[in-house]
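K.L.:
Below is entry00.txt; it holds compact mmCIF, C-alpha atoms.
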# COMPACT_ATOMS: atom_id res chain seq x y z
CA MET C 9 93.89 89.62 138.23
CA LYS C 10 96.79 88.44 140.40
CA ARG C 11 98.24 91.12 142.64
CA ILE C 12 101.95 91.84 142.95
CA THR C 13 103.40 92.05 146.45
CA PRO C 14 106.88 92.63 147.91
CA ASP C 15 108.82 89.91 149.70
CA SER C 16 109.66 90.65 153.33
CA ASN C 17 113.36 89.73 152.98
CA VAL C 18 115.34 92.94 152.33
CA MET C 19 118.71 92.60 150.57
CA VAL C 20 121.55 95.02 149.77
CA THR C 21 123.91 94.97 146.78
CA THR C 22 127.62 94.48 147.45
CA GLN C 23 128.78 95.48 143.96
CA GLU C 24 127.38 97.17 140.88
CA ILE C 25 125.26 95.31 138.35
CA ASP C 26 123.42 96.18 135.12
CA ILE C 27 119.95 94.75 135.52
CA ILE C 28 119.20 95.94 131.98
CA SER C 29 121.97 95.79 129.40
CA HIS C 30 121.27 96.46 125.72
CA GLU C 31 123.04 98.17 122.84
CA LYS C 32 120.51 101.00 123.16
CA ALA C 33 119.96 101.12 126.93
CA TYR C 34 121.16 100.16 130.38
CA VAL C 35 119.96 100.38 133.98
CA ARG C 36 122.72 100.13 136.59
CA MET C 37 122.48 99.46 140.32
CA ASP C 38 125.54 100.43 142.36
CA THR C 39 126.79 99.07 145.67
CA GLY C 40 124.45 99.85 148.56
CA CYS C 41 121.08 99.53 146.81
CA ILE C 42 118.47 97.88 149.01
CA TRP C 43 115.92 95.68 147.29
CA VAL C 44 113.19 93.08 147.69
CA TYR C 45 111.74 90.51 145.33
CA LEU C 46 108.37 91.20 143.76
CA LEU C 47 105.99 88.25 143.96
CA GLN C 48 102.94 87.35 141.94
CA ASP C 49 101.02 84.38 143.33
CA GLY C 50 104.18 83.45 145.27
CA VAL C 51 106.37 83.46 142.15
CA ARG C 52 109.28 85.89 141.82
CA VAL C 53 108.62 88.19 138.87
CA GLY C 54 111.03 91.05 139.56
CA VAL C 55 112.47 93.35 142.21
CA ALA C 56 111.86 96.74 143.80
CA PHE C 57 114.97 98.72 144.66
CA VAL C 58 116.19 102.08 145.92
CA GLY C 59 119.67 103.51 146.19
CA PRO C 60 122.56 104.67 144.00
CA SER C 61 121.54 103.77 140.44
CA SER C 62 121.44 105.23 136.95
CA PHE C 63 120.06 104.73 133.44
CA ALA C 64 120.82 105.65 129.86
CA VAL C 65 118.90 105.23 126.61
CA ASP C 66 120.22 106.03 123.14
CA ALA C 67 117.02 107.36 121.56
CA ILE C 68 118.70 108.65 118.39
CA ALA C 69 117.69 107.70 114.85
CA GLU C 70 119.61 108.42 111.65
CA THR C 71 117.23 110.02 109.11
CA GLU C 72 117.32 111.90 105.82
CA MET C 73 117.47 115.08 107.89
CA GLY C 74 120.39 113.79 109.93
CA ALA C 75 120.38 112.36 113.44
CA MET C 76 117.13 112.98 115.31
CA GLY C 77 116.09 112.17 118.83
CA GLU C 78 118.26 112.40 121.88
CA SER C 79 120.43 110.35 124.18
CA ILE C 80 118.82 110.40 127.62
CA SER C 81 120.61 109.49 130.84
CA GLY C 82 120.32 110.28 134.50
CA THR C 83 120.29 109.20 138.11
CA LEU C 84 117.38 107.20 139.46
CA SER C 85 115.71 108.40 142.66
CA GLY C 86 113.15 106.77 144.92
CA ILE C 87 111.70 103.29 144.58
CA GLN C 88 112.14 101.64 141.18
CA LEU C 89 110.11 98.63 140.05
CA PHE C 90 111.79 96.12 137.77
CA ILE C 91 110.02 93.17 136.13
CA GLY C 92 112.20 90.38 134.79
CA ALA C 93 114.85 87.86 135.74
CA THR C 94 117.97 89.05 137.59
CA SER C 95 121.10 87.63 139.22
CA LEU C 96 120.96 90.17 142.05
CA GLU C 97 121.08 87.53 144.77
CA ASN C 98 124.57 86.54 143.61
CA ILE C 99 125.99 89.98 144.42
CA SER C 100 123.88 90.81 147.49
CA LYS C 101 123.56 90.02 151.17
CA GLY C 102 120.88 90.41 153.81
CA ALA C 103 120.40 94.10 154.58
CA ASP C 104 120.98 95.50 158.05
CA VAL C 105 118.80 98.29 159.43
CA SER C 106 121.74 100.62 158.85
CA ASP C 107 121.64 99.80 155.12
CA THR C 108 117.96 100.70 155.01
CA GLN C 109 118.49 103.88 157.01
CA ARG C 110 121.20 105.04 154.58
CA GLN C 111 118.50 105.07 151.90
CA GLY C 112 116.13 107.14 154.03
CA TYR C 113 113.95 104.44 155.64
CA SER C 114 113.96 103.92 159.40
CA ASP C 115 113.50 100.15 159.15
CA HIS C 116 112.71 97.28 156.78
CA GLU C 117 108.96 97.47 157.42
CA ILE C 118 108.74 101.12 156.38
CA PHE C 119 110.67 100.32 153.21
CA THR C 120 108.40 97.43 152.23
CA LYS C 121 105.31 99.58 152.89
CA LYS C 122 106.70 102.21 150.52
CA VAL C 123 107.28 99.47 147.96
CA GLU C 124 103.64 98.40 148.35
CA SER C 125 102.56 102.00 147.63
CA ALA C 126 104.75 102.12 144.51
CA ILE C 127 103.31 98.82 143.28
CA GLU C 128 99.79 100.10 143.83
CA ASP C 129 100.61 103.25 141.90
CA HIS C 130 102.21 101.53 138.90
CA MET C 131 100.72 98.03 138.76
CA ASN C 132 97.83 97.18 141.05
CA GLY C 133 95.72 100.32 140.71
CA GLU C 134 92.43 100.36 138.82
CA LYS C 135 94.01 102.02 135.78
CA ASN C 136 97.24 100.02 135.83
CA LYS C 137 96.27 96.40 136.47
CA ILE C 138 98.69 94.07 134.76
CA ASP C 139 99.38 90.36 134.66
CA ILE C 140 102.95 89.22 134.17
CA ASP C 141 103.89 86.26 132.00
CA SER C 142 107.12 85.03 133.61
CA SER C 143 107.83 82.74 130.66
CA ARG C 144 108.66 85.76 128.46
CA ASP C 145 112.15 87.27 128.28
CA SER C 146 110.94 90.87 128.55
CA LYS C 147 112.37 93.30 131.08
CA ILE C 148 110.37 96.30 132.30
CA LEU C 149 111.39 99.22 134.52
CA PHE C 150 108.88 101.60 136.06
CA GLY C 151 111.19 104.34 137.32
CA THR C 152 111.64 107.91 138.52
CA ASP C 153 114.76 109.99 138.07
CA SER C 154 116.37 112.61 140.30
CA ASN C 155 114.24 115.31 138.59
CA GLN C 156 111.08 113.42 139.62
CA LYS C 157 110.33 112.57 135.98
CA ARG C 158 108.75 109.19 135.41
CA LEU C 159 110.22 106.80 132.92
CA LEU C 160 109.11 103.50 131.47
CA LEU C 161 111.57 101.16 129.78
CA VAL C 162 110.42 97.90 128.17
CA LEU C 163 112.99 95.64 126.57
CA SER C 164 112.79 92.33 124.76
CA GLU C 165 116.19 91.05 123.66
CA LYS C 166 114.70 89.47 120.53
CA GLU C 167 111.97 91.93 119.63
CA GLY C 168 112.63 95.52 120.58
CA LEU C 169 112.59 98.42 122.99
CA VAL C 170 110.03 100.93 124.25
CA PHE C 171 111.06 103.98 126.26
CA THR C 172 108.99 106.89 127.56
CA TYR C 173 110.46 109.79 129.51
CA ASP C 174 108.87 113.17 130.16
CA LYS C 175 107.66 114.14 126.65
CA ALA C 176 110.01 111.81 124.78
CA VAL C 177 108.86 108.49 123.34
CA PHE C 178 111.03 105.94 121.56
CA VAL C 179 109.82 102.64 120.10
CA LEU C 180 112.17 100.37 118.18
CA GLY C 181 111.60 96.86 116.93
CA ASP C 182 111.82 94.61 113.89
CA ASP C 183 112.99 97.38 111.51
CA ASN C 184 110.18 99.73 112.62
CA LEU C 185 110.77 102.96 114.51
CA VAL C 186 108.64 105.61 116.17
CA SER C 187 110.57 108.44 117.84
CA VAL C 188 109.02 111.52 119.44
CA SER C 189 111.36 114.01 121.10
CA LYS C 190 112.12 117.72 121.31
CA SER C 191 113.93 117.50 117.97
CA GLY C 192 110.88 116.19 116.15
CA VAL C 193 108.95 113.10 115.11
CA VAL C 194 110.30 110.19 113.09
CA VAL C 195 108.27 107.22 111.86
CA SER C 196 109.88 104.57 109.67
CA ASN C 197 108.86 101.14 108.46
CA LYS C 198 110.70 97.98 107.47
CA ASP C 199 110.85 99.17 103.84
CA GLY C 200 113.03 102.08 104.90
CA LYS C 201 110.37 104.70 104.19
CA GLN C 202 110.23 107.55 106.68
CA ILE C 203 108.06 110.45 107.70
CA ILE C 204 110.03 113.11 109.53
CA VAL C 205 108.65 116.23 111.18
CA GLY C 206 111.45 118.46 112.43
CA LYS C 207 112.62 122.05 112.64
CA GLY C 208 113.47 121.92 108.96
CA GLY C 209 109.93 121.00 107.96
CA VAL C 210 108.27 117.76 106.88
CA VAL C 211 110.02 115.08 104.85
CA GLY C 212 108.47 111.92 103.42
CA LEU C 213 104.86 112.95 102.90
CA ASP C 214 105.14 111.98 99.23
CA ASN C 215 105.63 108.35 100.32
CA PHE C 216 102.34 108.09 102.17
CA LEU C 217 98.84 109.37 101.56
CA ASP C 218 97.84 109.10 105.21
CA ILE C 219 100.23 109.47 108.15
CA GLY C 220 97.88 107.96 110.72
CA PRO C 221 97.77 104.36 109.42
CA MET C 222 101.55 104.33 108.97
CA ILE C 223 102.14 105.40 112.57
CA THR C 224 99.63 102.83 113.80
CA LYS C 225 101.15 100.04 111.71
CA SER C 226 104.73 100.86 112.68
CA MET C 227 103.83 101.23 116.35
CA THR C 228 101.96 97.93 116.43
CA SER C 229 104.74 96.09 114.61
CA ALA C 230 107.43 97.58 116.83
CA MET C 231 105.60 96.52 119.98
CA ARG C 232 104.74 93.03 118.77
CA GLY C 233 106.61 90.57 120.94
CA LEU C 234 106.90 92.87 123.94
CA LYS C 235 104.53 90.67 125.90
CA GLY C 236 106.27 90.24 129.22
CA LEU C 237 103.07 91.90 130.36
CA LYS C 238 100.00 89.99 129.25
CA SER C 239 98.25 93.35 129.12
CA LEU C 240 100.03 96.34 127.58
CA LYS C 241 97.04 98.57 128.26
CA SER C 242 98.81 99.80 131.38
CA MET C 243 101.53 101.11 129.08
CA LYS C 244 98.89 102.92 127.06
CA HIS C 245 97.80 104.66 130.26
CA SER C 246 101.41 105.58 131.03
CA MET C 247 101.80 107.14 127.58
CA ARG C 248 98.79 109.45 127.89
CA GLY C 249 99.82 113.09 127.86
CA PHE C 250 102.66 112.61 125.37
CA PRO C 251 102.40 114.84 122.28
CA TYR C 252 102.23 114.27 118.55
CA ALA C 253 101.61 110.64 117.57
CA TRP C 254 99.93 109.82 120.89
CA ASP C 255 96.93 112.10 120.38
CA ASN C 256 94.96 109.12 119.08
CA VAL C 257 96.48 106.52 121.37
CA ASP C 258 93.14 104.68 121.68
CA ASP C 259 93.37 103.84 117.97
CA PHE C 260 96.43 101.64 118.44
CA ASP C 261 95.98 97.88 118.26
CA TRP C 262 96.90 97.12 121.87
CA GLU C 263 97.18 93.40 122.53
CA ASP C 264 95.47 91.83 125.56
Taking this structure as input, can you express it in the form of structure tokens?
P.N.:
Amino acid sequence: MKRITPDSNVMVTTQEIDIISHEKAYVRMDTGCIWVYLLQDGVRVGVAFVGPSSFAVDAIAETEMGAMGESISGTLSGIQLFIGATSLENISKGADVSDTQRQGYSDHEIFTKKVESAIEDHMNGEKNKIDIDSSRDSKILFGTDSNQKRLLLVLSEKEGLVFTYDKAVFVLGDDNLVSVSKSGVVVSNKDGKQIIVGKGGVVGLDNFLDIGPMITKSMTSAMRGLKGLKSLKSMKHSMRGFPYAWDNVDDFDWED
């Protein structure tokens, strides 16, 4: 398995940029973010950054019981790891030590060492080993917000979106939806059939004899095409601990 490492050249943004922009989500870096390229076998596969930045995901689904889910937004804090193509270099310059110090790091070397630790935690560790296929158009963010809650956002412009945050999970793709949030659970398929578990009870059980296979089928279909990572098993590890539909996460048809 090829390891991911940070470049030694530290840059700083000179204007804001949305490194993820989608009708359902965005991730925005403001002026003053310091960042380095992430390399896999010498090839640029993404960036690590820290500084003034934010995110938002519209994890709301319209159902027979009304709108369910939630719109989640916040400020990012600490080192964020982004996998995918960017145009950051066009709106950045070489960072001075003062730029790095403004973000809480005494020098460039300390910053890159912290990036290495973050990579080890999310990507290179025994439970999180991944291999990145740079030919795919997927974008992935391994992040932490100002409340120290981890988030994972996976986006393929053609195929769909996966978002996990605290105890909320949202998977959307190819007319299939799985949404797990404080307002309830929604699973729908391309035929428009839904199972909804909310405060008002359960709706849709008459459409399906067995909930489990429907969740599995919808989940697998929604995630098909999100192969910017050759192995999505690291995502399965990240999702452990989430409630409801994830109790039998090992039963999902995770692609290698």
K.L.:
Tell me which of C:Thr120, C:Thr22, C:Gly74, C:Ser81 sits closest to Tyr45 (chain C), counting all atoms listed in the file.
P.N.:
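Checking each candidate against Tyr45 (chain C), we get C:Thr120 as the closest.
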K.L.:
Can you tell me how far CA of Arg110 (chain C) sits from CA of Pro60 (chain C), in Å to one decimal?
P.N.:
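Rounded to one decimal, the two atoms are 10.7 Å apart.
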K.L.:
For Gly102 (chain C), list every protein, DNA or RNA residue within 9 Å, evaluated using only C-alpha atoms, and leave out those in the same chain fewer than 6 positions away; present the list as a PyMOL selection string.
P.N.:
chain C and resi 17-21
K.L.:
Applying 9 Å and all atoms listed in the file, which residues near Gly151 (chain C) remain after dropping the ones on its own chain fewer than 6 positions away? List them as a VMD selection string.
P.N.:
chain C and resid 84 to 90 157 to 161
K.L.:
Selected residues, C-alpha atoms, written as an mmCIF file, in the coordinates of the input, please.
P.N.:
data_model
loop_
_atom_site.group_PDB
_atom_site.id
_atom_site.type_symbol
_atom_site.label_atom_id
_atom_site.label_comp_id
_atom_site.auth_asym_id
_atom_site.auth_seq_id
_atom_site.Cartn_x
_atom_site.Cartn_y
_atom_site.Cartn_z
ATOM 1 C CA LEU C 84 117.380 107.200 139.460
ATOM 2 C CA SER C 85 115.710 108.400 142.660
ATOM 3 C CA GLY C 86 113.150 106.770 144.920
ATOM 4 C CA ILE C 87 111.700 103.290 144.580
ATOM 5 C CA GLN C 88 112.140 101.640 141.180
ATOM 6 C CA LEU C 89 110.110 98.630 140.050
ATOM 7 C CA PHE C 90 111.790 96.120 137.770
ATOM 8 C CA LYS C 157 110.330 112.570 135.980
ATOM 9 C CA ARG C 158 108.750 109.190 135.410
ATOM 10 C CA LEU C 159 110.220 106.800 132.920
ATOM 11 C CA LEU C 160 109.110 103.500 131.470
ATOM 12 C CA LEU C 161 111.570 101.160 129.780
#
K.L.:
For CA of Thr94 (chain C) and CA of Ser154 (chain C), determine how far apart the two atoms are, in Å to one decimal place.
P.N.:
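Here the two named atoms are 23.8 Å from each other.
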K.L.:
Enter the distance from CA of Phe171 (chain C) to CA of Leu46 (chain C), in Å, rounded to one decimal.
P.N.:
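Between CA of Phe171 (chain C) and CA of Leu46 (chain C) the gap is 21.8 Å.
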K.L.:
Can you work out which one of C:Met37, C:Ile203, C:Val58, C:Val195 has the shortest atom-to-atom distance to Ile99 (chain C), counting only C-alpha atoms?
P.N.:
C:Met37
K.L.:
In terms of the shortest atom-to-atom distance over all atoms listed in the file, which of C:Lys101, C:His30, C:His130, C:Lys175 is closest to Lys147 (chain C)?
P.N.:
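Checking each candidate against Lys147 (chain C), we get C:His30 as the closest.
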